[in-house]
>>> print(open('work.txt').read())   # compact mmCIF, C-alpha atoms and all ligand atoms
# COMPACT_ATOMS: atom_id res chain seq x y z
CA MET E 1 14.68 23.92 -94.00
CA LYS E 2 18.36 24.36 -93.23
CA ILE E 3 20.48 27.24 -94.48
CA ASP E 4 24.23 26.78 -94.57
CA ALA E 5 25.48 29.16 -91.87
CA ALA E 6 28.63 29.72 -93.94
CA LEU E 7 26.48 31.42 -96.59
CA ILE E 8 25.11 34.08 -94.23
CA PRO E 9 26.99 37.32 -95.01
CA LYS E 10 29.22 38.62 -92.20
CA VAL E 11 29.85 42.08 -90.81
CA THR E 12 33.24 43.05 -89.36
CA LEU E 13 33.12 44.97 -86.08
CA ASN E 14 35.64 47.63 -84.99
CA THR E 15 37.21 44.94 -82.78
CA GLY E 16 37.99 42.88 -85.90
CA GLU E 17 35.44 40.22 -85.02
CA GLN E 18 33.04 39.01 -87.66
CA ILE E 19 29.35 38.52 -86.90
CA PRO E 20 26.40 37.35 -88.99
CA CYS E 21 24.40 40.06 -90.77
CA ILE E 22 21.22 38.84 -89.01
CA GLY E 23 20.43 37.48 -85.55
CA MET E 24 17.38 36.21 -83.75
CA GLY E 25 15.60 38.26 -81.09
CA THR E 26 14.50 36.52 -77.91
CA PHE E 27 12.13 38.97 -76.22
CA GLY E 28 8.79 37.22 -75.75
CA SER E 29 7.01 40.62 -75.56
CA ASP E 30 5.04 39.45 -72.48
CA ARG E 31 3.12 37.21 -74.93
CA PHE E 32 5.37 34.20 -75.59
CA THR E 33 6.55 31.96 -72.75
CA PRO E 34 10.21 31.14 -72.05
CA ASP E 35 9.53 27.61 -73.32
CA GLN E 36 8.15 28.91 -76.62
CA VAL E 37 11.09 31.28 -77.07
CA SER E 38 13.74 28.70 -76.18
CA ALA E 39 12.12 26.12 -78.48
CA ALA E 40 12.41 28.68 -81.28
CA VAL E 41 16.09 29.23 -80.43
CA ALA E 42 16.65 25.44 -80.61
CA GLY E 43 15.00 25.35 -84.03
CA ALA E 44 16.85 28.45 -85.19
CA ILE E 45 20.30 27.02 -84.38
CA ARG E 46 19.46 23.94 -86.42
CA CYS E 47 18.18 26.10 -89.26
CA GLY E 48 21.43 28.07 -89.45
CA TYR E 49 21.16 31.08 -87.08
CA ARG E 50 24.40 31.81 -85.28
CA MET E 51 23.62 35.07 -83.51
CA PHE E 52 21.11 35.52 -80.66
CA ASP E 53 20.02 38.71 -78.92
CA CYS E 54 19.29 37.88 -75.28
CA ALA E 55 18.75 39.98 -72.14
CA SER E 56 18.36 39.21 -68.46
CA CYS E 57 15.10 41.21 -68.35
CA TYR E 58 13.54 38.90 -70.96
CA GLN E 59 13.41 36.35 -68.12
CA ASN E 60 14.19 33.37 -70.31
CA GLU E 61 17.99 33.12 -70.26
CA ASP E 62 18.07 29.90 -68.21
CA GLN E 63 15.74 28.13 -70.68
CA ILE E 64 17.76 29.44 -73.63
CA GLY E 65 20.95 28.30 -71.87
CA GLU E 66 19.56 24.75 -71.71
CA VAL E 67 19.01 24.91 -75.46
CA PHE E 68 22.58 26.13 -76.11
CA ALA E 69 23.99 23.40 -73.84
CA GLN E 70 21.98 20.74 -75.64
CA ALA E 71 23.15 21.99 -79.05
CA PHE E 72 26.79 21.86 -77.87
CA LYS E 73 26.25 18.36 -76.41
CA GLU E 74 24.70 17.08 -79.61
CA GLY E 75 27.52 18.60 -81.66
CA VAL E 76 25.13 20.80 -83.66
CA VAL E 77 27.44 23.77 -83.05
CA GLU E 78 30.43 24.60 -80.87
CA ARG E 79 30.45 27.56 -78.50
CA LYS E 80 32.83 29.45 -80.79
CA ASP E 81 30.33 29.19 -83.66
CA LEU E 82 27.68 31.22 -81.81
CA PHE E 83 27.59 34.97 -81.25
CA ILE E 84 25.66 35.39 -78.01
CA MET E 85 24.60 38.87 -76.98
CA THR E 86 23.04 39.80 -73.65
CA LYS E 87 22.38 42.96 -71.66
CA VAL E 88 22.64 44.44 -68.19
CA TRP E 89 19.21 45.51 -66.93
CA ASN E 90 18.61 48.94 -65.45
CA ASP E 91 18.60 47.90 -61.79
CA GLN E 92 22.08 46.36 -62.06
CA HIS E 93 24.17 49.28 -63.31
CA ARG E 94 26.09 49.36 -60.03
CA GLU E 95 26.84 45.61 -60.12
CA VAL E 96 27.59 44.78 -63.72
CA ALA E 97 29.96 41.88 -62.97
CA LYS E 98 27.30 40.15 -60.88
CA ALA E 99 24.68 40.66 -63.59
CA LEU E 100 26.98 39.46 -66.37
CA LYS E 101 28.05 36.36 -64.44
CA LYS E 102 24.42 35.45 -63.81
CA SER E 103 23.61 35.80 -67.53
CA ILE E 104 26.68 33.75 -68.50
CA LYS E 105 25.71 31.06 -66.00
CA ASP E 106 22.08 31.01 -67.16
CA LEU E 107 23.03 31.01 -70.85
CA GLN E 108 25.76 28.37 -70.18
CA CYS E 109 28.01 30.28 -72.56
CA ASP E 110 31.30 30.95 -70.63
CA TYR E 111 31.54 34.53 -71.97
CA ALA E 112 29.35 37.08 -73.75
CA ASP E 113 30.24 37.88 -77.34
CA MET E 114 28.52 41.24 -76.85
CA TYR E 115 27.33 42.79 -73.59
CA PHE E 116 24.97 45.75 -73.91
CA ILE E 117 24.04 48.46 -71.48
CA HIS E 118 20.34 47.93 -72.22
CA TRP E 119 19.25 51.50 -71.37
CA PRO E 120 21.57 54.44 -70.63
CA PHE E 121 20.04 55.18 -67.23
CA PRO E 122 19.29 53.06 -64.16
CA ASN E 123 15.52 53.43 -64.33
CA TYR E 124 13.97 50.13 -63.37
CA HIS E 125 10.52 48.97 -64.31
CA ALA E 126 9.09 45.60 -63.43
CA PRO E 127 8.69 43.15 -66.32
CA GLY E 128 5.16 43.15 -67.70
CA CYS E 129 4.23 46.51 -66.14
CA ASP E 130 1.69 48.78 -67.86
CA VAL E 131 2.30 52.10 -69.58
CA ASP E 132 1.35 54.26 -66.57
CA SER E 133 3.79 52.51 -64.26
CA ARG E 134 6.45 54.93 -62.91
CA ASN E 135 9.37 54.35 -60.58
CA PRO E 136 9.87 57.33 -58.21
CA ASP E 137 13.62 56.54 -58.06
CA SER E 138 14.05 57.09 -61.81
CA LYS E 139 16.60 59.71 -62.87
CA PRO E 140 17.62 61.52 -66.03
CA PHE E 141 20.76 60.43 -67.88
CA SER E 142 24.00 61.30 -66.07
CA VAL E 143 27.41 61.17 -67.75
CA ALA E 144 29.11 60.09 -64.51
CA GLU E 145 26.63 57.30 -63.81
CA PHE E 146 26.70 56.01 -67.38
CA MET E 147 30.49 56.04 -67.46
CA ASP E 148 30.64 54.21 -64.14
CA THR E 149 28.56 51.42 -65.71
CA TYR E 150 30.63 51.53 -68.88
CA ARG E 151 33.94 51.31 -66.94
CA GLN E 152 32.64 48.11 -65.32
CA CYS E 153 32.05 46.69 -68.81
CA GLU E 154 35.58 47.70 -69.88
CA ALA E 155 37.01 45.88 -66.86
CA LEU E 156 35.03 42.77 -67.83
CA VAL E 157 36.48 42.93 -71.36
CA ARG E 158 39.96 42.93 -69.79
CA GLU E 159 38.92 39.91 -67.68
CA GLY E 160 37.85 38.09 -70.85
CA LEU E 161 34.19 37.75 -69.89
CA ILE E 162 32.97 40.21 -72.55
CA ARG E 163 34.29 40.19 -76.13
CA ASN E 164 32.53 43.36 -77.34
CA ILE E 165 30.73 46.16 -75.52
CA GLY E 166 27.36 47.30 -76.82
CA ILE E 167 25.24 50.33 -76.05
CA SER E 168 21.52 50.57 -76.64
CA ASN E 169 18.71 53.14 -76.79
CA MET E 170 21.22 56.00 -77.11
CA THR E 171 20.89 59.41 -78.76
CA ILE E 172 23.49 61.59 -80.51
CA PRO E 173 23.68 64.12 -77.62
CA LYS E 174 24.29 61.30 -75.14
CA LEU E 175 26.89 59.70 -77.41
CA GLU E 176 28.69 63.01 -77.88
CA ALA E 177 28.80 63.52 -74.11
CA VAL E 178 30.56 60.20 -73.49
CA TYR E 179 32.41 59.31 -76.72
CA ASP E 180 35.80 60.81 -75.73
CA LYS E 181 35.72 58.98 -72.40
CA PHE E 182 35.64 55.43 -73.76
CA GLU E 183 38.86 53.47 -73.19
CA ILE E 184 37.40 50.57 -75.19
CA LYS E 185 35.07 51.75 -77.92
CA PRO E 186 31.62 50.17 -78.14
CA ALA E 187 31.42 47.77 -81.08
CA ALA E 188 27.69 48.16 -81.67
CA CYS E 189 24.63 50.18 -80.76
CA GLU E 190 21.24 48.50 -80.57
CA MET E 191 18.47 50.84 -81.69
CA GLU E 192 14.92 50.71 -82.97
CA LEU E 193 15.06 50.49 -86.80
CA HIS E 194 12.32 49.63 -89.28
CA PRO E 195 11.22 51.19 -92.59
CA CYS E 196 8.99 53.83 -90.98
CA PHE E 197 11.56 54.62 -88.26
CA GLN E 198 14.97 54.85 -89.87
CA GLN E 199 16.79 57.16 -87.38
CA GLN E 200 18.98 58.31 -90.27
CA GLU E 201 20.99 60.89 -88.29
CA LEU E 202 21.84 58.51 -85.47
CA PHE E 203 22.53 55.73 -87.98
CA ASP E 204 24.96 58.00 -89.87
CA TRP E 205 26.64 59.13 -86.64
CA LEU E 206 27.28 55.52 -85.64
CA VAL E 207 28.62 54.53 -89.05
CA ALA E 208 30.91 57.59 -89.08
CA HIS E 209 32.28 56.50 -85.69
CA ASP E 210 32.65 52.84 -86.72
CA ILE E 211 30.00 51.60 -84.30
CA GLN E 212 27.76 48.95 -85.89
CA PRO E 213 24.00 49.68 -85.78
CA ILE E 214 21.92 46.68 -84.71
CA GLY E 215 18.24 47.13 -85.52
CA PHE E 216 15.61 45.96 -83.08
CA MET E 217 11.92 45.58 -84.00
CA PRO E 218 12.98 45.24 -87.65
CA LEU E 219 9.48 44.22 -88.73
CA GLY E 220 7.68 46.88 -86.72
CA SER E 221 7.03 44.42 -83.89
CA PRO E 222 3.38 43.48 -84.47
CA GLN E 223 3.33 41.51 -81.20
CA ARG E 224 4.94 44.19 -79.02
CA PRO E 225 3.72 44.55 -75.42
CA GLU E 226 0.43 46.33 -74.84
CA ARG E 227 2.28 49.25 -73.16
CA ASP E 228 4.10 50.00 -76.43
CA ILE E 229 0.97 50.28 -78.60
CA VAL E 230 -0.78 53.59 -79.35
CA ALA E 231 -3.49 54.24 -81.94
CA THR E 232 -1.25 56.42 -84.15
CA ASP E 233 1.46 53.75 -84.60
CA ILE E 234 1.99 52.64 -88.19
CA ALA E 235 2.30 48.94 -89.11
CA ASP E 236 5.46 48.88 -91.27
CA MET E 237 4.53 45.59 -92.94
CA LYS E 238 1.22 47.09 -94.10
CA VAL E 239 2.63 50.22 -95.72
CA PRO E 240 1.54 50.12 -99.41
CA GLU E 241 5.06 50.54 -100.85
CA ILE E 242 6.37 47.60 -98.77
CA VAL E 243 3.34 45.47 -99.67
CA GLU E 244 3.78 46.32 -103.35
CA ILE E 245 7.48 45.34 -103.44
CA ALA E 246 6.65 42.13 -101.55
CA LYS E 247 3.84 41.30 -103.99
CA LYS E 248 6.11 41.79 -107.00
CA ARG E 249 8.67 39.45 -105.49
CA GLY E 250 6.11 36.93 -104.20
CA VAL E 251 7.32 37.16 -100.59
CA HIS E 252 5.92 38.34 -97.25
CA PRO E 253 6.48 42.05 -96.41
CA ALA E 254 8.65 40.87 -93.49
CA ILE E 255 11.22 39.67 -95.99
CA ILE E 256 11.34 43.10 -97.64
CA CYS E 257 11.94 44.80 -94.27
CA LEU E 258 14.84 42.44 -93.60
CA LYS E 259 16.38 42.73 -97.05
CA TRP E 260 16.20 46.52 -96.67
CA ALA E 261 17.90 46.32 -93.26
CA VAL E 262 20.74 44.12 -94.47
CA ARG E 263 21.42 46.14 -97.58
CA ARG E 264 21.32 49.42 -95.65
CA GLY E 265 23.96 48.05 -93.30
CA GLN E 266 22.23 47.50 -89.98
CA ILE E 267 22.01 44.05 -88.41
CA PRO E 268 18.35 43.12 -87.91
CA ILE E 269 17.37 40.82 -85.04
CA PRO E 270 13.85 39.65 -85.93
CA PHE E 271 11.92 37.49 -83.47
CA SER E 272 9.50 34.68 -84.24
CA VAL E 273 8.43 31.45 -82.60
CA HIS E 274 7.20 30.09 -85.94
CA GLU E 275 9.65 27.91 -87.82
CA ALA E 276 8.45 28.96 -91.28
CA GLU E 277 8.90 32.63 -90.32
CA TYR E 278 12.33 32.44 -88.70
CA THR E 279 13.61 30.24 -91.51
CA SER E 280 12.41 32.61 -94.22
CA ASN E 281 13.85 35.55 -92.26
CA LEU E 282 17.30 33.95 -92.32
CA ALA E 283 16.96 32.90 -95.97
CA ALA E 284 16.16 36.54 -96.86
CA THR E 285 19.82 37.43 -96.28
CA VAL E 286 21.42 34.97 -98.69
CA SER E 287 19.80 35.80 -102.03
CA ASP E 288 17.98 38.43 -104.11
CA PRO E 289 19.01 41.66 -102.41
CA LEU E 290 16.77 44.67 -102.99
CA THR E 291 17.52 46.74 -106.07
CA ASP E 292 18.71 50.37 -105.93
CA GLU E 293 15.23 51.42 -106.97
CA GLU E 294 13.55 49.42 -104.18
CA MET E 295 16.05 50.84 -101.65
CA GLN E 296 15.23 54.33 -102.91
CA ILE E 297 11.48 53.76 -102.47
CA ILE E 298 11.93 52.49 -98.90
CA SER E 299 14.24 55.39 -98.04
CA THR E 300 11.22 57.69 -98.49
CA LEU E 301 9.04 55.83 -95.96
CA GLU E 302 10.39 57.52 -92.82
CA LYS E 303 7.37 58.45 -90.67
CA ASP E 304 8.96 59.05 -87.24
CA ASN E 305 7.15 55.89 -86.17
CA ARG E 306 8.92 55.24 -82.85
CA LEU E 307 7.26 52.24 -81.22
CA VAL E 308 9.21 51.94 -77.95
CA LYS E 309 8.48 55.36 -76.54
CA GLY E 310 9.78 54.37 -73.11
CA GLN E 311 7.18 56.07 -70.88
CA VAL E 312 7.90 53.67 -68.01
CA PHE E 313 11.47 55.02 -67.75
CA LEU E 314 10.46 58.63 -67.09
CA TRP E 315 11.78 60.35 -63.99
CA PRO E 316 9.80 62.66 -61.66
CA GLY E 317 9.64 66.10 -63.29
CA ALA E 318 10.00 64.85 -66.88
CA ASN E 319 7.37 66.14 -69.30
CA ASP E 320 6.63 63.11 -71.42
CA TRP E 321 8.41 60.34 -73.34
CA HIS E 322 9.95 62.78 -75.84
CA ASP E 323 12.30 63.81 -72.99
CA LEU E 324 13.98 60.40 -73.21
CA TRP E 325 15.13 60.98 -76.78
CA ASP E 326 16.84 64.42 -76.61
CA GLU E 327 14.91 65.67 -79.63
CA ASP E 328 16.12 69.27 -79.26
CA GLY E 329 19.77 68.18 -79.45
CA LYS E 330 20.39 68.50 -75.69
CA ILE E 331 20.27 65.80 -73.02
CA VAL E 332 17.10 66.60 -71.10
CA ASP E 333 17.62 67.33 -67.36
CA CYS E 334 21.18 65.95 -67.44
CA PRO E 335 23.00 67.05 -64.25
CA ASP E 336 26.55 66.83 -65.65
CA ALA E 337 26.76 67.10 -69.47
N1 LIG J 401 17.53 46.85 -76.98
C1 LIG J 401 16.24 47.01 -76.76
O1 LIG J 401 15.83 47.86 -75.95
C2 LIG J 401 15.23 46.15 -77.49
C3 LIG J 401 13.90 46.57 -77.53
C4 LIG J 401 12.99 45.79 -78.23
C5 LIG J 401 13.39 44.61 -78.86
N2 LIG J 401 14.71 44.23 -78.78
C6 LIG J 401 15.16 42.97 -79.47
O2 LIG J 401 14.68 42.98 -80.81
C7 LIG J 401 14.03 41.74 -81.08
C8 LIG J 401 13.00 41.89 -82.17
O3 LIG J 401 11.98 42.81 -81.80
P1 LIG J 401 10.45 42.40 -81.72
O4 LIG J 401 10.34 40.96 -81.44
O5 LIG J 401 9.78 43.32 -80.80
O6 LIG J 401 9.91 42.78 -83.16
P2 LIG J 401 10.01 42.23 -84.65
O7 LIG J 401 11.13 41.28 -84.80
O8 LIG J 401 9.95 43.45 -85.50
O9 LIG J 401 8.61 41.48 -84.82
C9 LIG J 401 8.43 40.18 -84.37
C10 LIG J 401 7.07 39.66 -84.83
O10 LIG J 401 6.95 39.75 -86.24
C11 LIG J 401 6.25 38.63 -86.77
N3 LIG J 401 7.11 37.96 -87.78
C12 LIG J 401 8.39 37.55 -87.64
N4 LIG J 401 8.83 37.02 -88.79
C13 LIG J 401 7.81 37.06 -89.68
C14 LIG J 401 7.66 36.64 -91.02
N5 LIG J 401 8.65 36.10 -91.70
N6 LIG J 401 6.44 36.83 -91.59
C15 LIG J 401 5.42 37.40 -90.92
N7 LIG J 401 5.51 37.84 -89.65
C16 LIG J 401 6.71 37.67 -89.03
C17 LIG J 401 5.96 37.69 -85.61
O11 LIG J 401 4.61 37.91 -85.26
P3 LIG J 401 3.57 36.68 -85.29
O12 LIG J 401 3.92 35.83 -84.14
O13 LIG J 401 2.26 37.37 -85.20
O14 LIG J 401 3.77 35.98 -86.63
C18 LIG J 401 6.85 38.20 -84.50
O15 LIG J 401 6.29 38.06 -83.21
C19 LIG J 401 13.48 41.34 -79.71
O16 LIG J 401 13.11 39.96 -79.68
C20 LIG J 401 14.65 41.70 -78.82
O17 LIG J 401 15.64 40.68 -78.87
C21 LIG J 401 15.63 44.99 -78.13
>>> encode(input="work.txt", output="structure tokens")
Amino acid sequence: MKIDAALIPKVTLNTGEQIPCIGMGTFGSDRFTPDQVSAAVAGAIRCGYRMFDCASCYQNEDQIGEVFAQAFKEGVVERKDLFIMTKVWNDQHREVAKALKKSIKDLQCDYADMYFIHWPFPNYHAPGCDVDSRNPDSKPFSVAEFMDTYRQCEALVREGLIRNIGISNMTIPKLEAVYDKFEIKPAACEMELHPCFQQQELFDWLVAHDIQPIGFMPLGSPQRPERDIVATDIADMKVPEIVEIAKKRGVHPAIICLKWAVRRGQIPIPFSVHEAEYTSNLAATVSDPLTDEEMQIISTLEKDNRLVKGQVFLWPGANDWHDLWDEDGKIVDCPDA
């Protein structure tokens, strides 16, 4: 099934650029191969997706780049029709230009529509590592180090290689420590958002500062890596209220999660390798928005259900993963806030 890309609602960023209200994720979650993910991207472009959320650490940018190049060659889309997002990984914060150029080369995209600082600290973990993996060189967030990385992104905007800067996995205390220092404001913040993890305060902070929230794991990521699964996690798509609304409308609960996301105002970036799923995910945005009553029901489903706890990013001396998220309103162990 093909959905006319012109029908997908658009969101205007603080840079004036318009982007689709939904994109496709490309993280294979250590379960799907680069070939499976890039085949899904090829299908998704033809089905009407125009925005893709990539990252160098997903280790599939060269295969996805082949798919983009083929779509341009076949005249399916032009480069200007796509909104391609990618991210600098934690071990490249001191060489952002090199990392960006590699992603641009791999993705065969000439420039990045959005370039994210994937995590706000340089704590590297190897792809596919398990939950107990720790890097002894990991450090807490530092304003100076973050701003050094951010300044490199600003320079790359001036060079024309980045159209919009994105930040990701931030907290309000971290944002407040750096907000006045931006010369070019971030256009978007990528954050975990699904019905049982709504991050309302951070969401409101971003909206108040005209930074667009982009919601990752919008369906509660049922295929997330083993390291991100604990017994107490809640499956958003199985929550009775979501199931009930889906039943009434005769759709899969995934569609309800996405309709909620779009109407709330975040941009969801669902992932799937299955054509029927990614097509219905895109179609969810063009018709039958949720009613006020349905939105009200879902607004009560917050359960503090954070799925990416981030244990592998902890630094020596940190207590546990809660330290990554500044839950007491202060940046934990920050040397210079
Ligand atoms: N910035 C960051 O740090 C960060 C972190 C995590 C993720 N992300 C981004 O966010 C994207 C999305 O996150 P995610 O892939 O973890 O989670 P997700 O989109 O919430 O869940 C994806 C899974 O949901 C299922 N699904 C998708 N559409 C469906 C449908 N219509 N009906 C039924 N099931 C459906 C699929 O599972 P089955 O295969 O079982 O059907 C799929 O593997 C990633 O790909 C990545 O681009 C960013």
>>> closest_residue(input="work.txt", among="E:Val286, E:Gln199, E:Trp119, E:Ala144", to="Asp4 (chain E)", atoms="all atoms listed in the file")
E:Val286
>>> closest_atom_pairs(input="work.txt", of="region 20-104 of chain E", to="region 214-237 of chain E", cutoff="10 Å", atoms="only C-alpha atoms", output="tab-separated table")
residue	atom	partner	partner_atom	distance
E:Cys21	CA	E:Ile214	CA	9.3
E:Ile22	CA	E:Ile214	CA	9.0
E:Gly23	CA	E:Ile214	CA	9.4
E:Met24	CA	E:Phe216	CA	9.9
E:Gly25	CA	E:Phe216	CA	8.0
E:Phe27	CA	E:Arg224	CA	9.3
E:Gly28	CA	E:Arg224	CA	8.6
E:Ser29	CA	E:Pro225	CA	5.1
E:Asp30	CA	E:Pro225	CA	6.0
E:Arg31	CA	E:Pro225	CA	7.4
E:Phe32	CA	E:Gln223	CA	9.4
E:Asp53	CA	E:Phe216	CA	9.5
>>> residues_around(input="work.txt", residues="Val11 (chain E)", least_positions_apart="3", cutoff="12 Å", atoms="all atoms listed in the file", output="list in words")
Ile8, Asn14, Thr15, Gly16, Glu17, Gln18, Ile19, Pro20, Cys21, Ile22, Gly23, Met51, Ala187, Ala188, Asp210, Ile211, Gln212, Pro213, Ile214, Val262, Arg263, Gly265, Gln266, Ile267 and Pro268 of chain E
>>> residues_around(input="work.txt", residues="Cys189 (chain E)", least_positions_apart="3", cutoff="10 Å", atoms="all atoms listed in the file", output="PyMOL selection string")
chain E and resi 116-118+165-170+186+192+202-203+206+211-215+266
>>> closest_residue(input="work.txt", among="E:Asp81, E:Arg163, E:Lys102, E:Arg134", to="Tyr115 (chain E)", atoms="all atoms listed in the file")
E:Arg163
>>> closest_residue(input="work.txt", among="E:Gln70, E:Thr86, E:Gln198, E:Gln108", to="Leu307 (chain E)", atoms="all atoms listed in the file")
E:Gln198
>>> closest_residue(input="work.txt", among="E:Pro120, E:Gly48, E:Pro270, E:Pro240", to="Ile297 (chain E)", atoms="all atoms listed in the file")
E:Pro240
>>> residues_around(input="work.txt", residues="Arg79 (chain E)", least_positions_apart="2", cutoff="10 Å", atoms="only C-alpha atoms", output="number ranges by chain")
E: 68-69, 71-72, 75, 77, 81-84, 108-111
>>> atom_distance(input="work.txt", atom1="atom C6 of ligand LIG 401 (chain J)", atom2="CA of His274 (chain E)")
16.5 Å
>>> closest_residue(input="work.txt", among="E:Arg306, E:Lys259, E:His194, E:Lys80", to="ligand LIG 401 (chain J)", atoms="all atoms listed in the file")
E:His194
>>> residues_near_point(input="work.txt", point="(19.3, 35.8, -71.0)", cutoff="8 Å", atoms="all atoms listed in the file", output="PyMOL selection string")
chain E and resi 54-62+64-65+86-87+103+106-107
>>> residues_near_point(input="work.txt", point="(17.5, 65.2, -66.0)", cutoff="7 Å", atoms="all atoms listed in the file", output="list in words")
Lys139, Pro140, Phe141, Val332, Asp333, Cys334 and Pro335 of chain E
>>> residues_around(input="work.txt", residues="Leu324 (chain E)", least_positions_apart="2", cutoff="9 Å", atoms="all atoms listed in the file", output="list in words")
Pro140, Phe141, Thr171, Lys309, Gly310, Gln311, Phe313, Leu314, Ala318, Asp320, Trp321, His322, Asp326, Glu327, Ile331 and Val332 of chain E
>>> atom_distance(input="work.txt", atom1="CA of Val312 (chain E)", atom2="atom O8 of ligand LIG 401 (chain J)")
20.4 Å
>>> axis_aligned_box(input="work.txt", around="region 85-93 of chain E", padding_each_side="4 Å", output="AutoDock Vina command-line options")
--center_x 21.6 --center_y 44.1 --center_z -69.4 --size_x 14.0 --size_y 18.4 --size_z 23.2
>>> atom_distance(input="work.txt", atom1="CA of Cys129 (chain E)", atom2="CA of Ile104 (chain E)")
25.9 Å
>>> residues_around(input="work.txt", residues="Leu161 (chain E)", least_positions_apart="3", cutoff="9 Å", atoms="only C-alpha atoms", output="number ranges by chain")
E: 100-101, 104, 110-113, 156-158
>>> closest_residue(input="work.txt", among="E:Asn164, E:Asn123, E:Ser133, E:Thr279", to="ligand LIG 401 (chain J)", atoms="only C-alpha atoms and all ligand atoms")
E:Thr279
>>> build_atoms(input="work.txt", residues="region 73-87 of chain E", atoms="N, CA and C atoms", output="short mmCIF file (atom, residue, chain, number, x, y, z; two decimals), in the coordinates of the input")
data_model
loop_
_atom_site.label_atom_id
_atom_site.label_comp_id
_atom_site.auth_asym_id
_atom_site.auth_seq_id
_atom_site.Cartn_x
_atom_site.Cartn_y
_atom_site.Cartn_z
N LYS E 73 26.14 19.79 -76.75
CA LYS E 73 26.25 18.36 -76.41
C LYS E 73 26.01 17.48 -77.64
N GLU E 74 25.02 17.88 -78.41
CA GLU E 74 24.70 17.08 -79.61
C GLU E 74 25.66 17.34 -80.76
N GLY E 75 26.56 18.31 -80.58
CA GLY E 75 27.52 18.60 -81.66
C GLY E 75 26.91 19.37 -82.83
N VAL E 76 25.76 20.01 -82.59
CA VAL E 76 25.13 20.80 -83.66
C VAL E 76 26.01 22.00 -83.98
N VAL E 77 26.49 22.67 -82.92
CA VAL E 77 27.44 23.77 -83.05
C VAL E 77 28.41 23.71 -81.88
N GLU E 78 29.53 24.42 -82.02
CA GLU E 78 30.43 24.60 -80.87
C GLU E 78 30.19 26.01 -80.34
N ARG E 79 30.63 26.22 -79.11
CA ARG E 79 30.45 27.56 -78.50
C ARG E 79 31.00 28.66 -79.40
N LYS E 80 32.18 28.40 -79.99
CA LYS E 80 32.83 29.45 -80.79
C LYS E 80 32.04 29.80 -82.06
N ASP E 81 31.12 28.92 -82.45
CA ASP E 81 30.33 29.19 -83.66
C ASP E 81 29.19 30.17 -83.40
N LEU E 82 28.82 30.34 -82.13
CA LEU E 82 27.68 31.22 -81.81
C LEU E 82 28.15 32.61 -81.39
N PHE E 83 27.36 33.59 -81.73
CA PHE E 83 27.59 34.97 -81.25
C PHE E 83 26.43 35.30 -80.32
N ILE E 84 26.72 35.24 -79.01
CA ILE E 84 25.66 35.39 -78.01
C ILE E 84 25.74 36.78 -77.38
N MET E 85 24.64 37.50 -77.51
CA MET E 85 24.60 38.87 -76.98
C MET E 85 23.63 38.88 -75.79
N THR E 86 23.99 39.61 -74.74
CA THR E 86 23.04 39.80 -73.65
C THR E 86 23.23 41.20 -73.09
N LYS E 87 22.43 41.56 -72.06
CA LYS E 87 22.38 42.96 -71.66
C LYS E 87 22.21 43.10 -70.15
#
